[in-house]
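A short worksheet on the structure shown next.
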Amino acid sequence: MFKILKAEQLSANVYMKVVHAPRVAKSCEPGQFIIVKVDETAERIPLTICDYDREAGTITIVFQPIGVSTHKMVDLKEGDFFEDFVGPLGKPSELVTDDFEEVKKKKVVFIAGGVGTAPVYPQAKWLHDHGIECDIIVGARTKDLLILEDEMSRVGNLHLCTDDGSYGFHGVGTAMLEKLVSEGHQYDLCVAIGPMIMMKFACLTTKKLGIPTIVSMNPIMVDGTGMCGACRVLVGDEVKFACVDGPEFDGHLIDFDQAMKRAAMYKTEEGRRLLAYQEGDTHHGGCGNCGGDK
Amino acid sequence: MGDVLKKVPVREQDPKVRAGNFDEVCLGYNKDEAVEEAQRCIGCKNAKCMEGCPVQIHIPDFIKEVKEGNFEGAYQVISKSSALPAICGRVCPQESQCEGRCIRGIKGEPVSIGKLERFVADWAREQGIKPEVSVEKNGKKVAVIGSGPAGLTCAGDLAKLGYDVTIFEALHKAGGVLVYGIPEFRLPKDGVVLPEVENVKALGVKIETDVIIGKSVTIDELMEEEGFDAVFIGSGAGLPKFMGIPGETACGVFSANEYLTRNNLMKAFDPRYDTPIAVGRKVAVVGGGNVAMDAARTALRLGAEVHIVYRRSEEELPARVEEVHHAKEEGIIFDLLTNPTEILVGEDGWVNGIRCIRMELGEPDASGRRRPVEIPGSEFDIEVDTVIMSLGTSPNPLISSTTKGLETNRRKCIVASEDVGATSKEGVFAGGDAVTGAATVILAMGAGKDAARGIHEYLSR
């Protein structure tokens, strides 16, 4: 059992939990992920680590409820427990493992979209802690959906943008990047993390601008240790397992269209199970809202 | 009394009924049937059956107890050699082990040793009887990596010798392949696996789930920082293989590992559980081993029409005869001498067919089986919406790549001595599928047992 030490709502649809998981906190690095399972009947949910505190033995996760299991996670309060919490999984970010002298020379820009802001934070923080300055673009649909503004502004040069112009730059993150480049900023590396569609367009833009780009994939997975192969992604001509070969890959080589189709594989069944969960005892599959039950 | 040359038949769920549920197929013997079958054992002094058992259960001794109706006595005899009898009675390939050596088998059918073992273990569990142990702790700590058959056996044996044993399991439930791989209808989880895991815990073994050795903590850290005097690696062979043909990353293509894990570990077949599974309308399972049979029979129970696609003929199917027989009874269709060359994908990204080529058998290959050869120009398509790849598995490199001085071979299997599983790293032993590549539950148990002996010798020096 893993105790929740802090539970907060960060925006209209994004939640944060700080979890006591000393083994994970001791060994994790930026870029890695954990798998959380709320209770006996829940799914195993992979989430990229947002922050960690080795001394306190804690891991911070940030998530958006989508299916039944993530909705159950929302309901858990400070002092409650996750039944299972395992990690760290995947490889650390190359920024952390590459030769430090090389990394130091790099001018890095992060593009974070929506809940993808969370996994960007530990990487930017790591650079900041090691005396490396970086630019961070955080985008969201609208002002109320922006998260981690204070934290991000402490670790890099923050550029906020909203699709509807309700806050910061009016436009998407990639438009902000193009603006920065046109103003004379030069980048050696872009790290783009967010919804698949955002990463796809970020990569199209950076390819045009000639900036090498790393993305963090969050495909469907079950065990997270290389056992099931559900997380297969096409990277160039090669089939990779995001859980053990990633989750970070060269964004210019990823087949995003296929990755998006694979991510939608269980959409209807998941929705059906969510309706059953939300409607509780009143759910009989008879009204047809869910497309009929089994 | 029936025909003494034949086994007392074992009751099974009707194939038509069981094709629609996940309840156990084989119902096992009752008391009378067990005693009657036990009468068929002639109690050889030089018992060949024992030689065929990787954990050397004293088979004639336990059967003698069954004959006399002393089931508790029978259980204690088995428990001396095996920590998981209810599991072995169900999933061991007895036909090539104990029963394969039985003298009765020369003129008729061998004694049904597996079904008798199962009966005794089930009876003991229902009566709440535990293995007898008196343990004096010796103060030495051993870490066991993986809670599958190898790990559970090794841990149980070491605990009986007085060691302070902790099992580290990567998944959220103990049992390894017994829980994620073998389906409910062959090996009930709550009914059979869980109680046997509890029996191992009752010996004082601690199980820490959700710990991935090589990620959460390394073997070197366990030995240097957490005070473990020796380590046993029983991490299995968990990595799935794919064919490398076009279309394999399409939606609707799964490894058997994924399909079975969703259904067995995550219980996707049960609507109370959140994990989804793609219930295909028409499913092709590629491969002919026990895992392929398990995946096929699972898909069938979820409501699909299921084809086994296998490149050799029925004779070469690596699955146990009993599994193939059960699969056929339930209505699995076997497309033999057939090999996929491409997975056909629709515009929506989902599988809509599988292109195959017909094969014929040529000369025997290195494995001694006749090598399948393509018949040129014989390509044809099978319309399916789901493809499950069951082509075998290999060991996960997570541990070997993070442990200093641990030697592996080119198949990524850990190199370990045959007698006691000693590896190239001092104090570290290994056994089961992590060493041999994918094999059977009982061979892994045998290796766990040998390694326990090796660790005891090593720590008694």
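Labels used: A, B, ... for chains in the order of the structure tokens, numbers from 1 for residues in each chain, and numbers from 1 for ligands as shown.
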Within 9 Å of chain B: residues of chain A, using only C-alpha atoms, as JSON, numbers by chain: {"A": [23, 24, 25, 26, 27, 28, 37, 40, 41, 42, 43, 44, 67, 68, 69, 83, 84, 85, 86, 87, 88, 89, 90, 221, 222, 223, 225, 226, 227, 228, 229, 230, 232, 233, 234, 239, 244, 258, 261, 262, 263, 264, 265, 266, 269, 270, 273, 274, 294]}
Name all residues at most 8 Å from Ala150 of chain B (count only C-alpha atoms; drop same-chain ones fewer than 6 positions away) and give them as a VMD selection string. chain B and resid 234 431 to 432 441 444 to 449
Near Thr58 of chain A, within 9 Å and counting only C-alpha atoms, which residues show up once chain neighbours fewer than 6 positions away are dropped, as a ChimeraX atom specification? /A:5,18-22,24-26,51-52
Keeping all heavy atoms, export the residues of the selection given above as a short mmCIF file (atom, residue, chain, number, x, y, z; two decimals), in the first residue's frame.
data_model
loop_
_atom_site.label_atom_id
_atom_site.label_comp_id
_atom_site.auth_asym_id
_atom_site.auth_seq_id
_atom_site.Cartn_x
_atom_site.Cartn_y
_atom_site.Cartn_z
N LEU A 5 0.19 11.50 0.35
CA LEU A 5 0.51 12.50 1.38
C LEU A 5 -0.11 13.85 1.05
O LEU A 5 -0.28 14.69 1.92
CB LEU A 5 2.03 12.65 1.51
CG LEU A 5 2.78 11.35 1.87
CD1 LEU A 5 4.28 11.60 1.94
CD2 LEU A 5 2.28 10.79 3.19
N VAL A 18 0.79 13.46 -4.26
CA VAL A 18 2.14 13.18 -3.80
C VAL A 18 2.07 11.86 -3.04
O VAL A 18 1.28 11.72 -2.11
CB VAL A 18 2.68 14.31 -2.90
CG1 VAL A 18 4.07 13.97 -2.39
CG2 VAL A 18 2.70 15.63 -3.68
N VAL A 19 2.88 10.89 -3.47
CA VAL A 19 2.75 9.52 -2.97
C VAL A 19 4.03 9.08 -2.28
O VAL A 19 5.13 9.33 -2.77
CB VAL A 19 2.44 8.56 -4.14
CG1 VAL A 19 2.21 7.14 -3.63
CG2 VAL A 19 1.25 9.05 -4.94
N HIS A 20 3.87 8.41 -1.12
CA HIS A 20 5.04 7.87 -0.43
C HIS A 20 5.45 6.56 -1.08
O HIS A 20 4.75 5.55 -0.96
CB HIS A 20 4.71 7.67 1.06
CG HIS A 20 5.92 7.34 1.87
ND1 HIS A 20 6.04 6.18 2.59
CD2 HIS A 20 7.09 8.01 2.04
CE1 HIS A 20 7.23 6.16 3.19
NE2 HIS A 20 7.88 7.26 2.87
N ALA A 21 6.57 6.58 -1.79
CA ALA A 21 7.07 5.38 -2.49
C ALA A 21 8.60 5.46 -2.46
O ALA A 21 9.24 5.81 -3.45
CB ALA A 21 6.55 5.35 -3.92
N PRO A 22 9.20 5.12 -1.31
CA PRO A 22 10.63 5.36 -1.12
C PRO A 22 11.54 4.65 -2.12
O PRO A 22 12.53 5.24 -2.56
CB PRO A 22 10.90 4.81 0.30
CG PRO A 22 9.58 4.55 0.92
CD PRO A 22 8.55 4.53 -0.14
N VAL A 24 10.95 3.94 -5.23
CA VAL A 24 10.89 4.65 -6.51
C VAL A 24 11.64 5.98 -6.39
O VAL A 24 12.45 6.33 -7.25
CB VAL A 24 9.43 4.91 -6.94
CG1 VAL A 24 9.39 5.45 -8.37
CG2 VAL A 24 8.59 3.64 -6.84
N ALA A 25 11.37 6.70 -5.30
CA ALA A 25 11.97 8.02 -5.12
C ALA A 25 13.49 7.94 -5.06
O ALA A 25 14.20 8.84 -5.50
CB ALA A 25 11.42 8.67 -3.86
N LYS A 26 13.99 6.84 -4.53
CA LYS A 26 15.43 6.69 -4.37
C LYS A 26 16.13 6.51 -5.72
O LYS A 26 17.24 6.96 -5.92
CB LYS A 26 15.72 5.48 -3.48
CG LYS A 26 17.16 5.38 -3.03
CD LYS A 26 17.41 4.17 -2.16
CE LYS A 26 18.91 3.96 -2.04
NZ LYS A 26 19.28 2.56 -1.90
N ASP A 51 7.60 14.89 -10.27
CA ASP A 51 8.61 15.40 -9.33
C ASP A 51 8.94 14.28 -8.36
O ASP A 51 8.17 13.33 -8.21
CB ASP A 51 8.06 16.63 -8.59
CG ASP A 51 9.20 17.50 -8.02
OD1 ASP A 51 10.38 17.16 -8.24
OD2 ASP A 51 8.88 18.51 -7.36
N TYR A 52 10.09 14.41 -7.70
CA TYR A 52 10.46 13.41 -6.70
C TYR A 52 11.28 14.06 -5.61
O TYR A 52 11.94 15.08 -5.84
CB TYR A 52 11.24 12.25 -7.35
CG TYR A 52 12.43 12.70 -8.17
CD1 TYR A 52 13.70 12.83 -7.60
CD2 TYR A 52 12.29 12.99 -9.52
CE1 TYR A 52 14.79 13.25 -8.35
CE2 TYR A 52 13.36 13.41 -10.29
CZ TYR A 52 14.62 13.54 -9.70
OH TYR A 52 15.68 13.96 -10.45
#
For Leu161 of chain B: contacts at 10 Å, only C-alpha atoms, fewer than 3 positions along chain excluded, given as a list in words: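 Using only C-alpha atoms, the neighbours found are Val133, Ser134, Val135, Glu136, Lys137, Asn138, Ala155, Gly156, Asp157, Leu158, Asp164, Ala452, Arg453 and His456 of chain B.
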Just the residues within 12 Å of Glu149 of chain A, please, counting only C-alpha atoms, with nothing from its chain fewer than 6 positions along; format it as an MDAnalysis selection string. chainID A and resid 10:11 112 114 117:118 121 136:140 143 155:161 167:168
Can you write just those residues out, all heavy atoms, as a compact mmCIF listing (two decimals), in the first residue's frame?
# COMPACT_ATOMS: atom_id res chain seq x y z
N LEU A 10 -5.33 20.65 -9.84
CA LEU A 10 -4.50 21.71 -10.43
C LEU A 10 -5.27 22.58 -11.42
O LEU A 10 -4.95 23.74 -11.62
CB LEU A 10 -3.29 21.10 -11.14
CG LEU A 10 -2.30 20.30 -10.28
CD1 LEU A 10 -1.12 19.88 -11.12
CD2 LEU A 10 -1.84 21.10 -9.07
N SER A 11 -6.26 21.99 -12.08
CA SER A 11 -7.08 22.76 -13.02
C SER A 11 -8.41 22.04 -13.14
O SER A 11 -8.65 21.06 -12.44
CB SER A 11 -6.39 22.85 -14.38
OG SER A 11 -6.56 21.65 -15.09
N ALA A 112 5.49 22.13 -23.78
CA ALA A 112 4.62 21.30 -22.96
C ALA A 112 3.18 21.60 -23.30
O ALA A 112 2.80 22.77 -23.44
CB ALA A 112 4.88 21.58 -21.48
N GLY A 114 -0.84 20.83 -22.15
CA GLY A 114 -1.82 20.28 -21.21
C GLY A 114 -1.17 19.51 -20.08
O GLY A 114 -0.22 19.96 -19.45
N THR A 117 2.60 18.94 -19.35
CA THR A 117 3.45 19.89 -18.61
C THR A 117 4.16 19.18 -17.46
O THR A 117 5.31 19.50 -17.13
CB THR A 117 2.58 21.03 -18.05
OG1 THR A 117 1.75 21.53 -19.11
CG2 THR A 117 3.42 22.17 -17.51
N ALA A 118 3.47 18.21 -16.86
CA ALA A 118 4.02 17.52 -15.68
C ALA A 118 5.35 16.82 -15.95
O ALA A 118 6.32 17.05 -15.23
CB ALA A 118 2.99 16.56 -15.11
N TYR A 121 8.40 19.17 -16.31
CA TYR A 121 8.91 19.85 -15.12
C TYR A 121 10.20 19.25 -14.55
O TYR A 121 11.18 19.99 -14.35
CB TYR A 121 7.82 19.94 -14.05
CG TYR A 121 8.31 20.55 -12.77
CD1 TYR A 121 8.74 21.89 -12.73
CD2 TYR A 121 8.41 19.79 -11.61
CE1 TYR A 121 9.23 22.45 -11.57
CE2 TYR A 121 8.91 20.35 -10.44
CZ TYR A 121 9.32 21.67 -10.42
OH TYR A 121 9.82 22.21 -9.27
N ILE A 136 11.01 27.45 -21.77
CA ILE A 136 9.89 26.53 -21.61
C ILE A 136 8.63 27.17 -22.20
O ILE A 136 8.25 28.27 -21.79
CB ILE A 136 9.62 26.22 -20.13
CG1 ILE A 136 10.89 25.75 -19.42
CG2 ILE A 136 8.51 25.19 -19.99
CD1 ILE A 136 10.76 25.69 -17.90
N ILE A 137 8.02 26.47 -23.12
CA ILE A 137 6.74 26.93 -23.67
C ILE A 137 5.67 26.02 -23.10
O ILE A 137 5.74 24.79 -23.24
CB ILE A 137 6.74 26.84 -25.21
CG1 ILE A 137 7.85 27.72 -25.80
CG2 ILE A 137 5.36 27.20 -25.77
CD1 ILE A 137 8.10 27.47 -27.28
N VAL A 138 4.71 26.61 -22.39
CA VAL A 138 3.60 25.81 -21.87
C VAL A 138 2.32 26.29 -22.53
O VAL A 138 1.98 27.47 -22.46
CB VAL A 138 3.48 25.93 -20.34
CG1 VAL A 138 2.24 25.17 -19.84
CG2 VAL A 138 4.73 25.37 -19.65
N GLY A 139 1.64 25.37 -23.18
CA GLY A 139 0.40 25.73 -23.87
C GLY A 139 -0.79 24.98 -23.32
O GLY A 139 -0.64 23.88 -22.79
N ALA A 140 -1.95 25.60 -23.44
CA ALA A 140 -3.20 24.94 -23.06
C ALA A 140 -4.32 25.55 -23.89
O ALA A 140 -4.14 26.60 -24.51
CB ALA A 140 -3.49 25.11 -21.57
N LYS A 143 -6.97 29.51 -20.32
CA LYS A 143 -6.25 29.87 -19.10
C LYS A 143 -6.47 28.88 -17.96
O LYS A 143 -5.53 28.48 -17.27
CB LYS A 143 -6.70 31.27 -18.67
CG LYS A 143 -6.01 31.78 -17.42
CD LYS A 143 -6.42 33.23 -17.14
CE LYS A 143 -5.62 33.84 -16.02
NZ LYS A 143 -6.14 33.64 -14.69
N VAL A 155 12.12 27.47 -12.82
CA VAL A 155 13.20 26.64 -13.36
C VAL A 155 13.61 27.00 -14.79
O VAL A 155 14.51 26.37 -15.34
CB VAL A 155 12.85 25.14 -13.27
CG1 VAL A 155 12.72 24.71 -11.82
CG2 VAL A 155 11.58 24.81 -14.04
N GLY A 156 12.95 27.96 -15.40
CA GLY A 156 13.34 28.31 -16.78
C GLY A 156 12.63 29.58 -17.23
O GLY A 156 11.84 30.16 -16.49
N ASN A 157 12.95 30.00 -18.46
CA ASN A 157 12.27 31.17 -19.03
C ASN A 157 10.94 30.72 -19.59
O ASN A 157 10.88 30.05 -20.62
CB ASN A 157 13.11 31.78 -20.16
CG ASN A 157 14.55 31.98 -19.71
OD1 ASN A 157 14.81 32.49 -18.63
ND2 ASN A 157 15.49 31.54 -20.55
N LEU A 158 9.88 31.08 -18.88
CA LEU A 158 8.57 30.53 -19.19
C LEU A 158 7.82 31.39 -20.20
O LEU A 158 7.72 32.60 -20.06
CB LEU A 158 7.76 30.40 -17.89
CG LEU A 158 6.38 29.78 -18.00
CD1 LEU A 158 6.46 28.36 -18.55
CD2 LEU A 158 5.71 29.76 -16.62
N HIS A 159 7.28 30.73 -21.24
CA HIS A 159 6.44 31.39 -22.24
C HIS A 159 5.10 30.68 -22.24
O HIS A 159 5.02 29.53 -22.67
CB HIS A 159 7.07 31.31 -23.62
CG HIS A 159 8.48 31.84 -23.65
ND1 HIS A 159 8.77 33.18 -23.85
CD2 HIS A 159 9.67 31.22 -23.49
CE1 HIS A 159 10.08 33.35 -23.83
NE2 HIS A 159 10.64 32.19 -23.61
N LEU A 160 4.07 31.37 -21.74
CA LEU A 160 2.75 30.74 -21.67
C LEU A 160 1.95 31.06 -22.91
O LEU A 160 2.05 32.17 -23.45
CB LEU A 160 2.00 31.25 -20.44
CG LEU A 160 2.60 30.83 -19.10
CD1 LEU A 160 1.96 31.62 -17.96
CD2 LEU A 160 2.42 29.34 -18.88
N CYS A 161 1.16 30.11 -23.35
CA CYS A 161 0.27 30.42 -24.46
C CYS A 161 -1.05 29.66 -24.35
O CYS A 161 -1.09 28.56 -23.79
CB CYS A 161 0.93 30.14 -25.81
SG CYS A 161 2.06 28.77 -25.85
N TYR A 167 -4.90 33.94 -21.98
CA TYR A 167 -3.75 34.18 -21.11
C TYR A 167 -2.48 34.02 -21.93
O TYR A 167 -2.41 33.14 -22.80
CB TYR A 167 -3.77 33.17 -19.96
CG TYR A 167 -2.87 33.51 -18.78
CD1 TYR A 167 -3.00 34.72 -18.09
CD2 TYR A 167 -1.92 32.59 -18.33
CE1 TYR A 167 -2.20 35.00 -16.99
CE2 TYR A 167 -1.12 32.87 -17.22
CZ TYR A 167 -1.26 34.07 -16.56
OH TYR A 167 -0.47 34.35 -15.47
N GLY A 168 -1.50 34.85 -21.71
CA GLY A 168 -0.23 34.74 -22.42
C GLY A 168 -0.38 34.91 -23.93
O GLY A 168 -1.30 35.59 -24.41
Distance query Leu84 of chain B at most 12 Å, only C-alpha atoms, self and fewer than 2 positions along chain excluded, as a PyMOL selection string: chain B and resi 55+57+75+78-82+86-92+117-118+120-122+125+130-131+148-157+175+178+192-200+441-442+444-446+449
Leaving out Glu226 of chain B and any residue of its chain fewer than 6 positions from it, which residues lie within 12 Å of it when counting only C-alpha atoms, given as a list in words?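 After dropping sequence-adjacent residues, the list is Lys141, Val142, Ala143, Thr166, Val217, Thr218, Ile219 and Asp220 of chain B.
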Kindly save the residues from that selection, with N, CA, C and O atoms included, as an mmCIF file, in the first residue's frame.
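Saved the output as result.cif:
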data_model
loop_
_atom_site.group_PDB
_atom_site.id
_atom_site.type_symbol
_atom_site.label_atom_id
_atom_site.label_comp_id
_atom_site.auth_asym_id
_atom_site.auth_seq_id
_atom_site.Cartn_x
_atom_site.Cartn_y
_atom_site.Cartn_z
ATOM 1 N N LYS B 141 20.117 -13.836 5.352
ATOM 2 C CA LYS B 141 19.077 -13.289 4.465
ATOM 3 C C LYS B 141 19.301 -13.667 3.007
ATOM 4 O O LYS B 141 20.387 -13.496 2.478
ATOM 5 N N VAL B 142 18.241 -14.138 2.374
ATOM 6 C CA VAL B 142 18.316 -14.456 0.951
ATOM 7 C C VAL B 142 17.206 -13.710 0.203
ATOM 8 O O VAL B 142 16.061 -13.690 0.654
ATOM 9 N N ALA B 143 17.570 -13.103 -0.922
ATOM 10 C CA ALA B 143 16.582 -12.434 -1.779
ATOM 11 C C ALA B 143 16.252 -13.346 -2.953
ATOM 12 O O ALA B 143 17.149 -13.925 -3.562
ATOM 13 N N THR B 166 13.124 -13.103 1.381
ATOM 14 C CA THR B 166 12.197 -12.121 0.815
ATOM 15 C C THR B 166 12.123 -12.328 -0.687
ATOM 16 O O THR B 166 13.152 -12.378 -1.364
ATOM 17 N N VAL B 217 15.479 -1.253 -7.587
ATOM 18 C CA VAL B 217 16.683 -1.525 -6.806
ATOM 19 C C VAL B 217 17.480 -2.583 -7.584
ATOM 20 O O VAL B 217 16.889 -3.383 -8.314
ATOM 21 N N THR B 218 18.808 -2.550 -7.465
ATOM 22 C CA THR B 218 19.610 -3.529 -8.209
ATOM 23 C C THR B 218 20.052 -4.670 -7.290
ATOM 24 O O THR B 218 19.992 -4.548 -6.066
ATOM 25 N N ILE B 219 20.523 -5.749 -7.896
ATOM 26 C CA ILE B 219 21.032 -6.882 -7.113
ATOM 27 C C ILE B 219 22.229 -6.432 -6.275
ATOM 28 O O ILE B 219 22.362 -6.807 -5.107
ATOM 29 N N ASP B 220 23.077 -5.606 -6.883
ATOM 30 C CA ASP B 220 24.245 -5.128 -6.135
ATOM 31 C C ASP B 220 23.810 -4.349 -4.894
ATOM 32 O O ASP B 220 24.396 -4.498 -3.823
#
Running DSSP on the backbone, which parts of segment 82-187 of chain B land in strand (DSSP E or B), as number ranges by chain? B: 141-145, 164-168
What is the atom CA of Gln56 of chain B to atom CA of Ala174 of chain B distance in Å? 24.9 Å
Please compute the atom CA of Gly181 of chain B-atom CA of Asp294 of chain B distance, one decimal, in Å. 8.4 Å
Could you tell me which of A:Leu189, A:Val215, A:Ala202, A:Leu146 comes closest to Lys104 of chain A if we count only C-alpha atoms?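 Ranked by minimum distance to Lys104 of chain A, first place goes to A:Leu189.
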Could you pull out all residues of segment 105-280 of chain B with a DSSP call of alpha helix (DSSP H) and give them as JSON, numbers by chain? {"B": [105, 106, 107, 113, 114, 115, 116, 117, 118, 119, 120, 121, 122, 123, 124, 125, 126, 127, 149, 150, 151, 152, 153, 154, 155, 156, 157, 158, 159, 160, 177, 178, 179, 180, 194, 195, 196, 197, 198, 199, 200, 201, 202, 219, 220, 221, 222, 223, 224, 256, 257, 258, 259, 260, 261, 262, 263, 264]}
In Å, rounded to a single decimal, give me how far atom CA of Ile197 of chain A is from atom CA of Ile132 of chain A.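 A separation of 29.1 Å between them.
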